[in-house]
Amino acid sequence: MDEPVLDLIGDTALPGWRMAGAGGFRPTSEGIESFGGPGILWFAERTFGDFVLTIDWRLRSITDNSGLFIRCPPLEDSLSPAIDLGYEIQIDDRGYDPKRRSVGSPLHLTGAVYGLAPALAVCSNLVGRWNRFHIEASGSTITVVLNDTPVSRLIEASRLRSGHIGLQTHHSGSAVAFRRLCVRPTSDGAS
């Protein structure tokens with residue numbers, strides 16, 4: 001029997017969530033919005049293995065940057081465990097590559113599994129409009145769909161197979177709004 005769908009940010013008081021690093025999230029009339037950074041707001045109450053996740057997100061500016069972390073370990077003060085062991089589904093319509101200091105990198109573009117699987121389509125809505133990710137994590141495969149368009153797929157994922165979900169605060173001045181973060185576990189990987 002399938003587990004019920006969990007709405008993880010329906011209550012903007014964010015019970016079960018913890019902040020690691022700088023920045024934070026403030027409640028809005030529709031959900032929550034990031035400020036400052038870098039940091040990760042992570043759901044500490046449980047982990048997820050295989051699942052289907054949907055989340056709506058919206059940029060205020062083309063320079064906004066954020067991400068959705070999946071399958072990441074518990075975080076305290078360091079963000080490195082999430083970056084090195086988990087997976088980030090990128091939100092950056094410029095595709096900024098910090099090593100090359102250039103834009104347009106498919107490995108850093110919205111919908112990419114950051115640094116691991118490139119975004120193969122550009123399909124974000126205009127700044128100020130809501131977008132929807134549909135993400136499926138099944139065994140060693142992570143599939144990302146943005147606004148009903150397949151964007152990226154990581155096959156043979158070698159990092160963690162189960163972990164926490166997190167939302168990124170990237171930098172001062174970046175404000176990404178989130179709403180309707182719903183997760184449906186699909187296997188015994190949840191705890």
# chains A, B, ... in the order shown; residues from 1 in each chain; ligands from 1
>>> residues_around(residues="A:His171", least_positions_apart="4", cutoff="12 Å", atoms="only C-alpha atoms", output="short mmCIF file (atom, residue, chain, number, x, y, z; two decimals) with C-alpha atoms, in the first residue's frame")
data_model
loop_
_atom_site.label_atom_id
_atom_site.label_comp_id
_atom_site.auth_asym_id
_atom_site.auth_seq_id
_atom_site.Cartn_x
_atom_site.Cartn_y
_atom_site.Cartn_z
CA GLY A 21 24.24 27.80 7.60
CA ALA A 22 23.29 31.41 6.91
CA GLY A 23 20.09 33.01 5.71
CA GLY A 24 16.64 31.64 6.27
CA SER A 34 14.41 32.46 0.97
CA PHE A 35 16.69 35.26 2.11
CA GLY A 36 20.44 35.55 2.65
CA GLY A 37 22.69 32.55 2.55
CA PRO A 38 24.37 30.27 1.95
CA GLY A 39 22.31 27.82 3.95
CA ILE A 40 19.93 24.88 3.78
CA THR A 63 19.90 36.51 -10.64
CA ASP A 64 18.05 34.49 -7.98
CA ASN A 65 19.57 31.12 -7.20
CA SER A 66 18.40 28.23 -5.04
CA GLY A 67 17.99 24.50 -5.10
CA ALA A 175 14.64 35.58 -2.93
CA VAL A 176 13.10 32.34 -4.19
#
>>> select_by_dssp(residues="chain A", states="strand (DSSP E or B)", output="PyMOL selection string")
chain A and resi 6-7+17-21+24-27+32-35+39-43+48+51-59+66-72+87-91+97+102+113+117+131-138+141-146+149-154+163-169+176-185
>>> atom_distance(atom1="atom CA of A:Leu6", atom2="atom CA of A:Ala20")
22.4 Å
>>> closest_atom_pairs(of="stretch 3-91 of chain A", to="stretch 137-144 of chain A", cutoff="10 Å", atoms="only C-alpha atoms", output="tab-separated table")
residue	atom	partner	partner_atom	distance
A:Phe48	CA	A:Ala137	CA	9.3
A:Gly49	CA	A:Ala137	CA	7.4
A:Asp50	CA	A:Ser138	CA	4.8
A:Phe51	CA	A:Ala137	CA	5.4
A:Val52	CA	A:Ala137	CA	6.5
A:Leu53	CA	A:Ala137	CA	8.4
A:Thr54	CA	A:Val144	CA	9.9
A:Ile70	CA	A:Ala137	CA	8.7
A:Arg71	CA	A:Ala137	CA	9.0
A:Tyr87	CA	A:Ile142	CA	9.2
A:Ile89	CA	A:Val144	CA	7.9
>>> closest_residue(among="A:Ser162, A:Arg153, A:Pro74, A:Arg46", to="A:Leu107", atoms="only C-alpha atoms")
A:Arg153
>>> atom_distance(atom1="atom CA of A:Arg159", atom2="atom CA of A:Leu120")
21.7 Å
>>> residues_around(residues="A:Glu3", least_positions_apart="4", cutoff="8 Å", atoms="only C-alpha atoms", output="MDAnalysis selection string")
chainID A and resid 184:186
>>> select_by_dssp(residues="chain A", states="helix (DSSP H, G or I)", output="NGL selection string")
:A and (80-85)
>>> residues_around(residues="A:Glu45", least_positions_apart="6", cutoff="9 Å", atoms="only C-alpha atoms", output="VMD selection string")
chain A and resid 15 to 17 164
>>> write_last_selection(atoms="C-alpha atoms", output="PDB file, in the first residue's frame")
ATOM      1  CA  PRO A  15       7.502  22.186  12.194  1.00  0.00           C
ATOM      2  CA  GLY A  16      10.142  19.504  11.716  1.00  0.00           C
ATOM      3  CA  TRP A  17      12.496  21.762   9.745  1.00  0.00           C
ATOM      4  CA  HIS A 164      16.621  14.347   4.033  1.00  0.00           C
TER       5      HIS A 164
END
>>> atom_distance(atom1="atom CA of A:Leu79", atom2="atom CA of A:Ile155")
24.4 Å
>>> closest_residue(among="A:Gly115, A:Gly163, A:Pro27, A:Gly10", to="A:Pro98", atoms="only C-alpha atoms")
A:Gly115
>>> closest_residue(among="A:Val122, A:Cys72, A:Leu41, A:Met19", to="A:Leu160", atoms="only C-alpha atoms")
A:Cys72
>>> residues_around(residues="A:Phe69", least_positions_apart="6", cutoff="9 Å", atoms="only C-alpha atoms", output="compact mmCIF listing (two decimals) with N, CA and C atoms, in the first residue's frame")
# COMPACT_ATOMS: atom_id res chain seq x y z
N ILE A 40 20.91 25.89 4.20
CA ILE A 40 19.93 24.88 3.78
C ILE A 40 18.93 24.68 4.92
N TRP A 42 16.44 22.15 6.17
CA TRP A 42 16.25 20.72 5.91
C TRP A 42 15.20 20.12 6.83
N ALA A 82 25.61 17.85 2.54
CA ALA A 82 24.53 17.89 1.54
C ALA A 82 25.10 18.02 0.14
N ILE A 83 26.10 18.87 0.00
CA ILE A 83 26.71 19.12 -1.31
C ILE A 83 27.48 17.90 -1.81
N GLY A 86 24.61 14.34 -0.98
CA GLY A 86 23.23 14.40 -1.47
C GLY A 86 23.18 14.86 -2.91
N TYR A 87 21.98 15.26 -3.33
CA TYR A 87 21.76 15.72 -4.71
C TYR A 87 21.01 17.04 -4.66
N GLU A 88 21.46 18.00 -5.46
CA GLU A 88 20.77 19.29 -5.55
C GLU A 88 20.09 19.40 -6.91
N ILE A 89 18.80 19.65 -6.90
CA ILE A 89 18.08 19.98 -8.12
C ILE A 89 18.16 21.49 -8.23
N GLN A 90 18.86 21.98 -9.22
CA GLN A 90 19.24 23.38 -9.32
C GLN A 90 18.08 24.28 -9.73
N HIS A 164 17.54 13.25 3.75
CA HIS A 164 16.62 14.35 4.03
C HIS A 164 16.37 15.19 2.79
N ILE A 165 15.34 16.01 2.86
CA ILE A 165 15.00 16.98 1.83
C ILE A 165 15.35 18.35 2.37
N GLY A 166 15.90 19.23 1.52
CA GLY A 166 16.26 20.56 1.96
C GLY A 166 16.03 21.61 0.89
N LEU A 167 15.89 22.85 1.33
CA LEU A 167 15.75 24.00 0.44
C LEU A 167 16.92 24.94 0.68
N GLN A 168 17.50 25.45 -0.38
CA GLN A 168 18.72 26.25 -0.30
C GLN A 168 18.44 27.75 -0.23
>>> closest_residue(among="A:Arg132, A:Thr110, A:Glu156, A:Thr12", to="A:Phe25", atoms="only C-alpha atoms")
A:Thr12
